[in-house]
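For reference, entry_14.cif (mmCIF, C-alpha atoms):
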```
data_coords
#
loop_
_atom_site.label_atom_id
_atom_site.label_comp_id
_atom_site.auth_asym_id
_atom_site.auth_seq_id
_atom_site.Cartn_x
_atom_site.Cartn_y
_atom_site.Cartn_z
CA LEU A 1075 -17.78 -32.35 58.49
CA SER A 1076 -20.95 -32.35 60.54
CA ALA A 1077 -23.05 -32.48 57.38
CA ALA A 1078 -20.96 -35.38 56.05
CA ARG A 1079 -21.46 -37.28 59.32
CA ARG A 1080 -25.23 -36.75 59.18
CA GLU A 1081 -25.37 -37.99 55.58
CA ARG A 1082 -23.31 -41.04 56.51
CA GLU A 1083 -25.66 -41.87 59.39
CA LEU A 1084 -28.62 -41.61 57.02
CA ALA A 1085 -26.84 -43.99 54.66
CA LEU A 1086 -26.18 -46.49 57.46
CA ASN A 1087 -29.79 -46.31 58.65
CA ALA A 1088 -31.11 -46.83 55.14
CA ARG A 1089 -28.83 -49.83 54.70
CA GLY A 1090 -29.98 -51.30 58.02
CA GLU A 1091 -33.60 -51.00 56.90
CA GLY A 1092 -32.97 -52.56 53.52
CA ARG A 1093 -33.41 -49.33 51.55
CA TYR A 1094 -30.32 -49.97 49.51
CA PRO A 1095 -30.73 -47.50 46.61
CA GLU A 1096 -31.35 -44.72 49.14
CA ALA A 1097 -28.33 -45.88 51.14
CA MET A 1098 -26.15 -45.62 48.04
CA ASP A 1099 -27.42 -42.11 47.30
CA GLN A 1100 -26.76 -40.96 50.87
CA ALA A 1101 -23.30 -42.53 50.88
CA LYS A 1102 -22.48 -40.69 47.65
CA ALA A 1103 -23.72 -37.42 49.15
CA ALA A 1104 -21.62 -37.97 52.26
CA SER A 1105 -18.53 -38.61 50.16
CA GLN A 1106 -19.08 -35.45 48.11
CA THR A 1107 -19.63 -33.33 51.22
CA LEU A 1108 -16.47 -34.74 52.80
CA LEU A 1109 -14.51 -33.93 49.64
CA GLU A 1110 -15.79 -30.34 49.73
CA ALA A 1111 -14.82 -30.04 53.40
CA PHE A 1112 -11.32 -31.23 52.56
CA CYS A 1113 -10.98 -28.73 49.72
CA VAL A 1114 -12.21 -25.82 51.82
CA ALA A 1115 -9.69 -26.68 54.54
CA GLN A 1116 -6.66 -26.55 52.25
CA ARG A 1117 -4.50 -23.44 52.13
CA PRO A 1118 -2.29 -22.83 49.11
CA ALA A 1119 1.25 -24.12 49.38
CA PRO A 1120 4.07 -21.67 48.64
CA GLY A 1121 4.23 -21.18 44.88
CA GLU A 1122 1.04 -23.12 44.21
CA PHE A 1123 -1.02 -21.94 41.24
CA ARG A 1124 -4.66 -22.10 42.29
CA ALA A 1125 -6.62 -20.26 39.64
CA PHE A 1126 -10.22 -19.23 39.04
CA TRP A 1127 -11.59 -18.86 35.52
CA CYS A 1128 -14.05 -15.99 35.21
CA HIS A 1129 -16.20 -16.18 32.07
CA SER A 1130 -17.33 -12.56 32.29
CA ALA A 1131 -15.00 -9.64 31.66
CA PHE A 1132 -17.03 -7.73 34.26
CA GLY A 1133 -16.38 -10.23 37.03
CA VAL A 1134 -18.92 -11.89 39.27
CA LYS A 1135 -22.44 -10.54 38.89
CA GLY A 1136 -23.31 -8.19 41.72
CA MET A 1137 -19.69 -7.79 42.86
CA SER A 1138 -16.95 -5.34 41.94
CA TRP A 1139 -13.57 -6.68 40.88
CA ASP A 1140 -12.26 -5.52 44.25
CA GLU A 1141 -14.85 -7.59 46.13
CA ALA A 1142 -14.30 -10.64 43.93
CA ALA A 1143 -10.50 -10.52 44.26
CA ARG A 1144 -10.72 -10.17 48.03
CA CYS A 1145 -13.09 -13.14 48.24
CA LEU A 1146 -10.82 -15.30 46.07
CA ALA A 1147 -7.72 -14.38 48.07
CA GLU A 1148 -9.46 -15.10 51.38
CA ASN A 1149 -10.49 -18.53 50.09
CA GLY A 1150 -7.03 -19.64 49.06
CA PHE A 1151 -6.93 -18.76 45.36
CA THR A 1152 -3.68 -17.38 43.99
CA ALA A 1153 -4.73 -16.31 40.49
CA VAL A 1154 -7.67 -15.29 38.33
CA LEU A 1155 -8.12 -15.83 34.59
CA PRO A 1156 -10.70 -13.29 33.39
CA ASN A 1157 -12.08 -13.62 29.85
CA MET A 1158 -11.25 -10.15 28.50
CA LEU A 1159 -11.22 -10.67 24.73
CA TRP A 1160 -12.52 -12.86 21.91
CA GLY A 1161 -11.97 -12.95 18.20
CA GLY A 1162 -13.36 -9.55 17.26
CA ILE A 1163 -14.13 -7.92 20.61
CA ALA A 1164 -12.24 -6.52 23.61
CA TYR A 1165 -13.43 -5.36 27.01
CA TYR A 1166 -10.74 -2.71 27.38
CA PRO A 1167 -9.56 0.13 25.11
CA SER A 1168 -7.86 -2.05 22.50
CA SER A 1169 -6.18 -0.57 19.46
CA VAL A 1170 -6.38 -3.95 17.68
CA LEU A 1171 -9.91 -5.26 18.24
CA PRO A 1172 -13.36 -3.63 18.30
CA VAL A 1173 -14.06 -2.37 21.82
CA ALA A 1174 -17.24 -3.52 23.55
CA PRO A 1175 -19.68 -0.61 23.99
CA GLU A 1176 -19.95 -1.34 27.72
CA VAL A 1177 -16.37 -0.16 28.21
CA ALA A 1178 -17.51 3.44 27.66
CA SER A 1179 -19.75 3.28 30.73
CA GLN A 1180 -18.10 0.60 32.87
CA GLY A 1181 -14.45 1.30 32.20
CA ASP A 1182 -11.31 -0.64 31.30
CA GLN A 1183 -11.96 -4.07 32.77
CA ILE A 1184 -8.34 -5.23 32.57
CA ALA A 1185 -7.19 -2.17 34.52
CA GLU A 1186 -9.90 -2.66 37.16
CA CYS A 1187 -9.24 -6.37 37.58
CA LEU A 1188 -5.47 -5.87 37.65
CA ALA A 1189 -5.72 -3.20 40.36
CA ALA A 1190 -7.82 -5.53 42.51
CA CYS A 1191 -5.45 -8.45 41.94
CA ARG A 1192 -2.45 -6.38 42.97
CA LYS A 1193 -4.27 -5.16 46.08
CA TYR A 1194 -5.00 -8.70 47.29
CA GLY A 1195 -1.91 -10.49 46.02
CA LEU A 1196 -3.47 -12.44 43.15
CA GLN A 1197 -1.87 -13.15 39.80
CA MET A 1198 -3.82 -12.04 36.74
CA HIS A 1199 -3.65 -14.09 33.55
CA VAL A 1200 -5.78 -12.60 30.77
CA TRP A 1201 -7.90 -15.22 29.03
CA LYS A 1202 -8.30 -14.81 25.26
CA VAL A 1203 -10.79 -16.78 23.17
CA ASN A 1204 -8.93 -17.17 19.89
CA TRP A 1205 -10.56 -17.23 16.43
CA ASN A 1206 -14.12 -17.58 17.74
CA ALA A 1207 -15.91 -14.36 16.72
CA SER A 1208 -19.41 -15.31 17.85
CA HIS A 1209 -19.43 -12.41 20.35
CA ALA A 1210 -18.09 -9.84 17.88
CA PRO A 1211 -20.19 -6.87 16.70
CA LYS A 1212 -22.31 -7.48 13.60
CA GLU A 1213 -20.41 -4.84 11.67
CA PHE A 1214 -17.13 -6.63 12.36
CA LEU A 1215 -18.53 -9.96 11.22
CA ALA A 1216 -19.90 -8.37 8.06
CA LYS A 1217 -16.50 -6.86 7.33
CA MET A 1218 -14.78 -10.23 7.86
CA ARG A 1219 -17.37 -11.96 5.67
CA ASN A 1220 -16.92 -9.51 2.83
CA ALA A 1221 -13.15 -9.91 3.02
CA GLY A 1222 -13.37 -13.73 2.96
CA ARG A 1223 -11.92 -14.03 6.46
CA LEU A 1224 -14.51 -16.31 8.08
CA GLN A 1225 -14.41 -20.11 8.20
CA ALA A 1226 -16.58 -22.47 6.18
CA ASP A 1227 -17.21 -26.19 6.39
CA VAL A 1228 -16.75 -28.63 3.52
CA GLN A 1229 -20.26 -27.79 2.24
CA GLY A 1230 -19.46 -24.07 2.28
CA LYS A 1231 -21.57 -23.21 5.34
CA GLU A 1232 -20.19 -20.19 7.17
CA GLU A 1233 -18.91 -20.43 10.75
CA PRO A 1234 -18.48 -17.20 12.79
CA TRP A 1235 -14.82 -18.00 13.45
CA LEU A 1236 -11.85 -16.26 11.89
CA CYS A 1237 -10.05 -18.41 9.34
CA PRO A 1238 -6.64 -19.38 10.80
CA SER A 1239 -4.95 -19.56 7.39
CA HIS A 1240 -5.69 -15.91 6.53
CA PRO A 1241 -2.51 -13.88 7.19
CA GLU A 1242 -4.45 -10.85 8.45
CA ASN A 1243 -6.38 -13.00 10.90
CA GLN A 1244 -3.17 -14.54 12.19
CA GLN A 1245 -1.67 -11.10 12.66
CA MET A 1246 -4.76 -9.81 14.46
CA GLU A 1247 -4.68 -12.74 16.89
CA ILE A 1248 -0.99 -12.18 17.55
CA ASP A 1249 -1.25 -8.41 17.90
CA SER A 1250 -4.24 -8.58 20.24
CA MET A 1251 -2.38 -10.82 22.70
CA VAL A 1252 0.94 -9.00 22.49
CA GLU A 1253 -0.94 -5.74 23.09
CA LEU A 1254 -1.98 -7.09 26.49
CA VAL A 1255 1.61 -7.68 27.51
CA ARG A 1256 2.80 -4.35 26.14
CA ARG A 1257 0.10 -2.25 27.79
CA TYR A 1258 -0.62 -4.02 31.07
CA ASP A 1259 1.52 -5.45 33.85
CA VAL A 1260 -0.21 -8.84 33.68
CA ASP A 1261 1.30 -12.04 35.05
CA GLY A 1262 0.27 -14.13 32.08
CA ILE A 1263 -1.82 -14.55 28.95
CA HIS A 1264 -4.00 -17.57 28.31
CA PHE A 1265 -4.91 -19.11 24.95
CA ASP A 1266 -8.33 -20.70 24.56
CA TYR A 1267 -10.01 -22.04 21.39
CA ILE A 1268 -6.53 -21.99 19.88
CA ARG A 1269 -7.68 -24.51 17.29
CA TYR A 1270 -10.20 -25.18 14.54
CA PRO A 1271 -13.81 -25.86 15.60
CA ASP A 1272 -13.54 -29.49 14.41
CA GLY A 1273 -12.24 -31.65 11.58
CA ASP A 1274 -14.76 -30.17 9.15
CA HIS A 1275 -13.12 -26.72 9.05
CA CYS A 1276 -11.87 -24.71 7.33
CA PHE A 1277 -12.68 -25.22 3.65
CA CYS A 1278 -13.19 -21.61 2.61
CA GLY A 1279 -11.98 -20.36 -0.76
CA GLY A 1280 -8.99 -18.71 0.86
CA CYS A 1281 -7.88 -21.98 2.44
CA ARG A 1282 -8.07 -23.68 -0.93
CA GLU A 1283 -5.92 -21.02 -2.58
CA ARG A 1284 -3.37 -20.76 0.23
CA PHE A 1285 -3.00 -24.52 0.61
CA ALA A 1286 -2.54 -24.91 -3.14
CA ARG A 1287 0.21 -22.27 -3.12
CA ALA A 1288 1.94 -23.86 -0.13
CA LEU A 1289 1.77 -27.39 -1.51
CA ALA A 1290 2.26 -26.49 -5.19
CA PRO A 1291 0.89 -29.86 -6.34
CA ALA A 1292 0.76 -30.83 -9.99
CA SER A 1293 -2.98 -31.12 -9.48
CA LEU A 1294 -5.42 -30.61 -6.65
CA GLU A 1295 -8.96 -31.96 -6.71
CA TRP A 1296 -10.76 -29.95 -4.05
CA PRO A 1297 -11.80 -30.98 -1.49
CA ARG A 1298 -11.46 -34.71 -2.25
CA ASP A 1299 -7.65 -34.70 -2.13
CA VAL A 1300 -7.56 -33.32 1.43
CA LEU A 1301 -10.32 -35.47 2.94
CA ALA A 1302 -9.70 -38.85 4.57
CA GLY A 1303 -7.92 -41.09 2.10
CA GLY A 1304 -7.13 -38.18 -0.23
CA ALA A 1305 -3.81 -37.81 -2.03
CA HIS A 1306 -2.80 -34.74 -0.02
CA ARG A 1307 -4.46 -35.58 3.29
CA GLN A 1308 -1.28 -35.59 5.43
CA ALA A 1309 0.02 -32.39 3.89
CA TRP A 1310 -3.35 -30.78 4.61
CA LEU A 1311 -3.28 -31.82 8.27
CA ASP A 1312 0.28 -30.52 8.67
CA TRP A 1313 -0.68 -27.24 7.02
CA ARG A 1314 -3.69 -26.77 9.29
CA ARG A 1315 -1.57 -27.38 12.38
CA ASP A 1316 1.05 -24.92 11.17
CA ASN A 1317 -1.58 -22.17 10.86
CA ILE A 1318 -2.37 -22.50 14.57
CA THR A 1319 1.19 -23.05 15.73
CA LYS A 1320 2.42 -19.91 13.95
CA VAL A 1321 0.24 -17.80 16.23
CA VAL A 1322 1.36 -19.54 19.42
CA GLN A 1323 5.01 -19.35 18.35
CA SER A 1324 4.88 -15.67 17.45
CA VAL A 1325 3.00 -14.64 20.58
CA GLY A 1326 5.52 -16.56 22.67
CA ALA A 1327 8.54 -15.00 20.99
CA GLN A 1328 7.21 -11.44 21.18
CA THR A 1329 6.05 -11.85 24.77
CA ARG A 1330 9.44 -13.14 25.91
CA ALA A 1331 11.13 -10.24 24.13
CA LEU A 1332 8.88 -7.67 25.83
CA LYS A 1333 8.56 -9.17 29.33
CA PRO A 1334 10.37 -12.48 29.87
CA GLY A 1335 8.57 -13.12 33.17
CA VAL A 1336 5.07 -13.23 31.69
CA LYS A 1337 3.67 -16.77 31.63
CA LEU A 1338 1.88 -18.31 28.64
CA SER A 1339 -0.75 -20.98 29.15
CA ALA A 1340 -3.46 -22.66 27.09
CA ALA A 1341 -6.69 -24.60 27.49
CA VAL A 1342 -6.33 -27.53 25.10
CA PHE A 1343 -8.13 -30.71 24.06
CA SER A 1344 -6.80 -33.65 26.05
CA ASN A 1345 -6.20 -36.31 23.37
CA TRP A 1346 -3.20 -34.86 21.57
CA SER A 1347 -2.62 -37.86 19.30
CA THR A 1348 -6.00 -37.40 17.57
CA ASP A 1349 -6.84 -33.77 18.35
CA ARG A 1350 -3.74 -32.54 16.54
CA ASP A 1351 -5.45 -33.82 13.37
CA THR A 1352 -9.09 -33.02 14.08
CA VAL A 1353 -8.73 -29.50 15.48
CA GLY A 1354 -5.14 -28.73 14.47
CA GLN A 1355 -3.94 -28.25 18.04
CA ASP A 1356 -0.37 -29.53 18.29
CA TRP A 1357 0.12 -28.64 21.95
CA SER A 1358 2.83 -31.24 22.55
CA LEU A 1359 4.99 -29.33 20.06
CA TRP A 1360 4.20 -26.04 21.78
#
```
Go through the file and emit its structure as structure tokens.
Amino acid sequence: LSAARRERELALNARGEGRYPEAMDQAKAASQTLLEAFCVAQRPAPGEFRAFWCHSAFGVKGMSWDEAARCLAENGFTAVLPNMLWGGIAYYPSSVLPVAPEVASQGDQIAECLAACRKYGLQMHVWKVNWNASHAPKEFLAKMRNAGRLQADVQGKEEPWLCPSHPENQQMEIDSMVELVRRYDVDGIHFDYIRYPDGDHCFCGGCRERFARALAPASLEWPRDVLAGGAHRQAWLDWRRDNITKVVQSVGAQTRALKPGVKLSAAVFSNWSTDRDTVGQDWSLW
């Protein structure tokens, strides 16, 4: 509050001396500082979900999970969402995904984070990056490439994402998330990247074959018939969405069967009416 007052006085002085651009900058700084003061002063209300996303499976650099959880709890947070797995890599002893080599020396990161969260009263919701295999080991990517399980754009350029129409990829995404619920006493699991990269994916050979089987058209001119204005454009968009929704639906059903109290959440694109077509993310249906 003292800093905000000082910045406001600087703004008033600058205005009085005709230094208007500087006055505007100082007024903006004062407003931002006041907002931060307000946020710092707020304690969580009963039942409030105040969560912190952690992009590293190993927590905050230079801090143990115990230190980080204590700091979050002391500052009013009620939950942490640590990024513990991607498409093709896990930072705990997974039986579904390749395990990151660091786990051998630094231990099971879910177990360590969960112990710290329980100690300080935080919820733990494990954050999964779906489909995106850009962090996966090279050997895993090579295996997926050879099996035709990676995405491609309309020109055939490879993308290091798992193809959502491939049944084995769908099952791997489902199994990796259900494994979390089965093996750990987590409060929730969190979908991220639960979509296609954009409207230009996926046009791999497997997608062509699987879409043709699902649609069973008299004829299919690929890819023209599924592009904008194409004869099977709407069917293509519906099919893409279904590939993503199947995973969400199955994870939800299996999670509720195992542990009904576990929460499911997702980070999604905000414009549902268009994003359901471009990235196949039908979150209103979910």
Check which residues satisfy the PyMOL selection byres ((chain A and resi 1279) around 12) in the file shown, then give them as a PyMOL selection string. chain A and resi 1219+1221-1232+1237+1239-1240+1275-1278+1280-1286+1296-1297
Applied to the shown file, which residues does the PyMOL selection byres ((chain A and resi 1341) around 12) return, written as a list in words?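 Answer for the PyMOL selection byres ((chain A and resi 1341) around 12): Trp1127, Leu1155, Trp1201, Lys1202, Val1203, Asn1204, Ile1263, His1264, Phe1265, Asp1266, Tyr1267, Ile1268, Arg1269, Leu1338, Ser1339, Ala1340, Val1342, Phe1343, Ser1344, Gln1355 and Trp1357 of chain A.
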Could you save those same residues with C-alpha atoms as a PDB file, in the coordinates of the input?
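Written file, out-v3.pdb:
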```
ATOM      1  CA  TRP A1127     -11.590 -18.860  35.520  1.00  0.00           C
ATOM      2  CA  LEU A1155      -8.120 -15.830  34.590  1.00  0.00           C
ATOM      3  CA  TRP A1201      -7.900 -15.220  29.030  1.00  0.00           C
ATOM      4  CA  LYS A1202      -8.300 -14.810  25.260  1.00  0.00           C
ATOM      5  CA  VAL A1203     -10.790 -16.780  23.170  1.00  0.00           C
ATOM      6  CA  ASN A1204      -8.930 -17.170  19.890  1.00  0.00           C
ATOM      7  CA  ILE A1263      -1.820 -14.550  28.950  1.00  0.00           C
ATOM      8  CA  HIS A1264      -4.000 -17.570  28.310  1.00  0.00           C
ATOM      9  CA  PHE A1265      -4.910 -19.110  24.950  1.00  0.00           C
ATOM     10  CA  ASP A1266      -8.330 -20.700  24.560  1.00  0.00           C
ATOM     11  CA  TYR A1267     -10.010 -22.040  21.390  1.00  0.00           C
ATOM     12  CA  ILE A1268      -6.530 -21.990  19.880  1.00  0.00           C
ATOM     13  CA  ARG A1269      -7.680 -24.510  17.290  1.00  0.00           C
ATOM     14  CA  LEU A1338       1.880 -18.310  28.640  1.00  0.00           C
ATOM     15  CA  SER A1339      -0.750 -20.980  29.150  1.00  0.00           C
ATOM     16  CA  ALA A1340      -3.460 -22.660  27.090  1.00  0.00           C
ATOM     17  CA  VAL A1342      -6.330 -27.530  25.100  1.00  0.00           C
ATOM     18  CA  PHE A1343      -8.130 -30.710  24.060  1.00  0.00           C
ATOM     19  CA  SER A1344      -6.800 -33.650  26.050  1.00  0.00           C
ATOM     20  CA  GLN A1355      -3.940 -28.250  18.040  1.00  0.00           C
ATOM     21  CA  TRP A1357       0.120 -28.640  21.950  1.00  0.00           C
TER      22      TRP A1357
END
```
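Coordinates place atom CA of Glu1253 of chain A at a distance of 8.2 Å from atom CA of Ser1169 of chain A.
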Can you tell me, as a list in words, which residues sit within 7 Å of (-5.5, -13.4, 42.8) in the file's frame, using only C-alpha atoms? Ala1143, Leu1146, Ala1147, Phe1151, Thr1152, Ala1153, Val1154, Cys1191, Tyr1194, Gly1195, Leu1196, Gln1197 and Met1198 of chain A
Restricting the output to C-alpha atoms, write the selected residues as a compact mmCIF listing (two decimals), keeping the file's coordinate frame.
```txt
# COMPACT_ATOMS: atom_id res chain seq x y z
CA ALA A 1143 -10.50 -10.52 44.26
CA LEU A 1146 -10.82 -15.30 46.07
CA ALA A 1147 -7.72 -14.38 48.07
CA PHE A 1151 -6.93 -18.76 45.36
CA THR A 1152 -3.68 -17.38 43.99
CA ALA A 1153 -4.73 -16.31 40.49
CA VAL A 1154 -7.67 -15.29 38.33
CA CYS A 1191 -5.45 -8.45 41.94
CA TYR A 1194 -5.00 -8.70 47.29
CA GLY A 1195 -1.91 -10.49 46.02
CA LEU A 1196 -3.47 -12.44 43.15
CA GLN A 1197 -1.87 -13.15 39.80
CA MET A 1198 -3.82 -12.04 36.74
```
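Distances from A:Lys1212, A:Val1260, A:Phe1126, A:Gln1245 to Ala1189 of chain A were compared using only C-alpha atoms, and the smallest one belongs to A:Val1260.
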Under the rule that all atoms listed in the file are counted, which of A:Ser1130, A:Ser1293, A:Gln1244, A:Thr1352 is the nearest residue to Val1322 of chain A?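 The answer is A:Gln1244, which sits nearest to Val1322 of chain A.
In this comparison, which uses all atoms listed in the file, the residue of A:Cys1187, A:Leu1075, A:Leu1332, A:Val1321 approaching Glu1141 of chain A most closely is A:Cys1187.
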Determine the residue set returned by the PyMOL selection byres ((chain A and resi 1301-1311) around 10) for the present structure, and present it as a PyMOL selection string. chain A and resi 1228+1273-1274+1285-1286+1288-1289+1291+1294-1300+1312-1316+1350-1354
